[in-house]
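A.B. asks: Questions regarding the structure given below will be posed in turn.
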Amino acid sequence: MRSFRLVVLIAFICAMPLVVQARQLTDADYARAVKFLAQDTEPLVDHDVQRVDWIDATHFWYRDHDAAGDHFLEMDAATGKVSPAFDQAKLAEALGKARGKPLDATKWPRSFDFTVLADGKLDVTLDKATYRCELAGAGVCTDVAKLLKTGSEPGVLSPNGKLLAFVRDWNLWVRDVATGKETRLTRDGVKDYGYATQNAGWVHGDGAIVRWSPDSKEIATYRQDQRGVGEMYTVDTRVGHPKLDAWKYPLPGDEKVFMIEPVVVDVATKKLVRLKMAPEQRLSTLCDTLACDGGEPYTWSDVKWAPDGRTLALVETSRDRQHETFRIADAATGAVRSAFEFTAKDYYESGHGRVNWQYLPGSNRAGSNRASSGQTIWPSEQNDWNNLYLYDLKTGRQLRAITTGEGNVTEVLHLDRDTRMLWFVGAGRTPGVNPYYRQFFKVDIDSGKATPLTPEDADHTITMSPGGRYFVDAYSTPTTPPVTVLRSADDGHVITTIAKADISRLKAAGWVPPIPITVKARDGTTTLYGMLFKPTNFDPHKKYPVVDYIYPGPQTGSVRGRSFLSSRGDNQALAELGFIVVAIDGMGTPWRSASFHHHWYGDMGDNTLPDQVAGIKELAKRYPWIDITRVGIWGHSGGGNATADAMFRYPGFFKVGWAESGNHDNRNYENDWGEKYQGLLVTDKDGTTNYDNQANQAIAKNLQGHLMLVHGEIDDNVPVSNTYLVVDALIKANRDFDMLILPHAHHGYADDANYVMRQRWDYFVRHLQGNTPPHEFKMPSPDTGK
């Protein structure tokens, strides 16, 4: 009888749910997690050279790094010879004197950049200031604005390097780089109706958007009409009266939006030619700033000059982003001809990371009408992938496909008009290779014969030389560090190795790589790619709560690229606190087929969430150490929107959410974002709209778990009103929630970013783990480590 009772008692105890003892995390736990942030991991990666800057057609400089610090080197591509780019000790000393602040010659800020002038002097950019440095003799650096007695407006350098185009007082100016002489080119620009202005609503500043002619004699730009456009406001808290900032910011459905009137300006004569066409939408075939090409932040991407500067091509995009008109203009007369029109399903994109269409004007034969001849290379997704097609500009007809098959052309990096060869970055074009890995190809425009130039099964970061003879290729994967080589653009053969990254010191500090994962999408068949992060003291016998880091797209995804990074945000750091962290690129994110990318067009409330849920459930079946009953989610901006959406749509699945700066209703965000991915705003007779399905406040009443809403008080990208809409709905629904408003903070939080990160860690530790975080742990500064 006693043995029977004992067996019953044991069975009863075994059947009881396992109660995990809550524990107090310490400063040491958080300090260990901090060691996995970029500020600590990046200095431990030696010889990680993923970016070079070409000085001319055969020379480039780059920053190398090892245990001794930073080294700036210059390579001669023709000989392979490497030499110091400059005297680091002398330049650091000269810059320190000019700034009134010492500079460590072995540890240079990320903001450091330089240009070699014709006279051998250096123009150095550092902390938003530019210094002209003479290193002969003792070495002297002088603030350029003070030296030349000029303004400090950002601008676009002419191809010959002599002039800088910029905007001042709503007009276009140029500045002589050598002498500082400034010349005003337009005189009728006025407030809200000025030339080359940068305002796109969500991004606004004093930069100039222009496209220089190849001979540096003319500038193509526009006059932007924002008169009558609705305004956005921020209120900055301070003692006494707050500071009110107001600027033009159109919203979906607004009658008045930004319009532009293209012009060409002759720099020498100041003659302005207005192109003979109606005002067009201030939109691009790719991005929403007009300057879409990486490394060229103020160059008008959808305007391209003929090599002789007599004509230029420009593409007009309709407000719904579905209709494109390709035009050719005569720079001297302003005459404009529409060469062809193109209509896309859902929305049109001319590439990813770069506007890829190319203008090939007609011949130079005497009497030829260059404004009515020639060809263009036009990207489209007509076969469900972004491929290149050749069009005749006289007839407007498509002649043939240049690239074919599956996989995308993401960036066209060089076009040789004489040999009619084109070099491009592609993704998903090689069977058996991760579809997100970028590879480099060249293709014959006339035959369509494509040649792969980077055979390694890896993600390739390409920097092509001016003239297109060479390219630098840094190839890596999320788990293997980069190898950087100089290759021939003809056949891709390796000329010399520039650097091989060494992660010995990083691994000695305890670093582990992320785990690449694949799961099935909501449909049960489509393969999704992502990454998983485990704590370095992982115990397979334990159960770990899951944190899903999300960015839903549509312009990028959650994974943060496929090249090697020693730190992907704070994913590994958060995992160190006792979580499994996952990032999954769901349907609706880019780099896959058009049908994959456009999957939830018109339903932005989807936010890839069905894929996140399906993917995490699959991982929980695969790995017994995943606790599917404790799932959290967080993201910033679009990820903040998706986080709140997840907490409202899947309240039984996601238990804790941390939503930062979310565009919770795109009717309160810039018009060209929502109108591209959701469609033009349509209001029905009953007052409902086609935007109702993406409004988080409409479903906020469903909240069951713990939700923190975070926003910068003066966010001029995603206005704080987006969060207040959700707050208002939660209050009306009598739901408990948490909120953190950051005074003086914009979209990226700047000096408050570490405070927000620490609070985020605390929130998941407290509410998802059920543990207690250390009291007010002080996160070290990224700059000082203290």
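Identifiers in this document derive from the order of the structure tokens: chains are assigned A, B, ..., residues are numbered from 1 separately in each chain, and ligands are numbered from 1 in order of occurrence.
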Quick one: everything within 9 Å of range 490-494 of chain A, counting only C-alpha atoms, minus sequence neighbours fewer than 3 positions away in the same chain. Send it as a PDB file with N, CA and C atoms, in the first residue's frame.
C.D. replies:
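Resulting contents of part.pdb:
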```
ATOM      1  N   PHE A 440      28.259  39.164 -59.526  1.00  0.00           N
ATOM      2  CA  PHE A 440      28.546  40.170 -60.545  1.00  0.00           C
ATOM      3  C   PHE A 440      28.634  39.505 -61.912  1.00  0.00           C
ATOM      4  N   PHE A 441      28.063  40.183 -62.919  1.00  0.00           N
ATOM      5  CA  PHE A 441      28.001  39.646 -64.268  1.00  0.00           C
ATOM      6  C   PHE A 441      28.307  40.749 -65.281  1.00  0.00           C
ATOM      7  N   LYS A 442      28.705  40.312 -66.469  1.00  0.00           N
ATOM      8  CA  LYS A 442      28.690  41.224 -67.606  1.00  0.00           C
ATOM      9  C   LYS A 442      27.835  40.581 -68.690  1.00  0.00           C
ATOM     10  N   THR A 451      28.131  36.675 -68.744  1.00  0.00           N
ATOM     11  CA  THR A 451      29.308  36.019 -68.196  1.00  0.00           C
ATOM     12  C   THR A 451      29.388  36.271 -66.706  1.00  0.00           C
ATOM     13  N   PRO A 452      29.343  35.233 -65.865  1.00  0.00           N
ATOM     14  CA  PRO A 452      29.523  35.446 -64.430  1.00  0.00           C
ATOM     15  C   PRO A 452      30.980  35.784 -64.131  1.00  0.00           C
ATOM     16  N   LEU A 453      31.190  36.754 -63.268  1.00  0.00           N
ATOM     17  CA  LEU A 453      32.539  37.235 -62.966  1.00  0.00           C
ATOM     18  C   LEU A 453      32.973  36.930 -61.540  1.00  0.00           C
ATOM     19  N   THR A 454      32.063  36.457 -60.701  1.00  0.00           N
ATOM     20  CA  THR A 454      32.388  36.192 -59.292  1.00  0.00           C
ATOM     21  C   THR A 454      31.876  34.803 -58.940  1.00  0.00           C
ATOM     22  N   PRO A 455      32.689  33.771 -59.122  1.00  0.00           N
ATOM     23  CA  PRO A 455      32.191  32.398 -58.993  1.00  0.00           C
ATOM     24  C   PRO A 455      31.972  31.921 -57.571  1.00  0.00           C
ATOM     25  N   ARG A 469      37.559  49.132 -66.122  1.00  0.00           N
ATOM     26  CA  ARG A 469      38.578  48.126 -66.409  1.00  0.00           C
ATOM     27  C   ARG A 469      38.746  47.121 -65.262  1.00  0.00           C
ATOM     28  N   TYR A 470      38.550  47.601 -64.029  1.00  0.00           N
ATOM     29  CA  TYR A 470      38.745  46.775 -62.842  1.00  0.00           C
ATOM     30  C   TYR A 470      37.508  46.838 -61.944  1.00  0.00           C
ATOM     31  N   PHE A 471      37.435  45.872 -61.025  1.00  0.00           N
ATOM     32  CA  PHE A 471      36.504  46.032 -59.921  1.00  0.00           C
ATOM     33  C   PHE A 471      37.081  45.365 -58.687  1.00  0.00           C
ATOM     34  N   VAL A 485      39.377  41.184 -53.089  1.00  0.00           N
ATOM     35  CA  VAL A 485      40.305  40.990 -54.200  1.00  0.00           C
ATOM     36  C   VAL A 485      40.072  42.049 -55.271  1.00  0.00           C
ATOM     37  N   LEU A 486      41.123  42.287 -56.057  1.00  0.00           N
ATOM     38  CA  LEU A 486      41.026  43.119 -57.254  1.00  0.00           C
ATOM     39  C   LEU A 486      40.888  42.193 -58.442  1.00  0.00           C
ATOM     40  N   ARG A 487      39.852  42.419 -59.259  1.00  0.00           N
ATOM     41  CA  ARG A 487      39.582  41.534 -60.400  1.00  0.00           C
ATOM     42  C   ARG A 487      39.570  42.329 -61.709  1.00  0.00           C
ATOM     43  N   THR A 497      45.139  39.938 -54.279  1.00  0.00           N
ATOM     44  CA  THR A 497      44.327  39.939 -53.069  1.00  0.00           C
ATOM     45  C   THR A 497      44.643  41.197 -52.267  1.00  0.00           C
TER      46      THR A 497
END
```
A.B. asks: Taking only range 104-319 of chain A into account, list the residues labelled alpha helix (DSSP H) by DSSP (computed from the backbone), as a VMD selection string.
C.D. replies: chain A and resid 144 to 147
A.B. asks: Excluding Gly657 in chain A and its own-chain neighbours fewer than 2 positions away, which residues fall within 10 Å of it when counting only C-alpha atoms? Please give them as a PyMOL selection string.
C.D. replies: chain A and resi 547-548+631-635+640+642-647+654-655+659-660+705-709+760+763-764+767-768
A.B. asks: Residues within 7 Å of Pro590 in chain A, please, as number ranges by chain. Count only C-alpha atoms; anything in the same chain fewer than 2 positions from it doesn't count.
C.D. replies: A: 554-556, 588, 592, 597
A.B. asks: For range 383-400 of chain A, work out the shell of residues within 10 Å, counting only C-alpha atoms and skipping chain neighbours fewer than 4 positions away, then give it as JSON, numbers by chain.
C.D. replies: {"A": [326, 327, 328, 337, 338, 339, 340, 341, 342, 349, 350, 351, 352, 356, 357, 358, 359, 360, 361, 362, 370, 371, 372, 373, 374, 375, 376, 377, 378, 379, 404, 405, 406, 407, 408, 409, 410, 412, 426, 427, 428, 429, 445, 446, 447, 448, 591, 592, 593, 594, 595, 596, 597]}
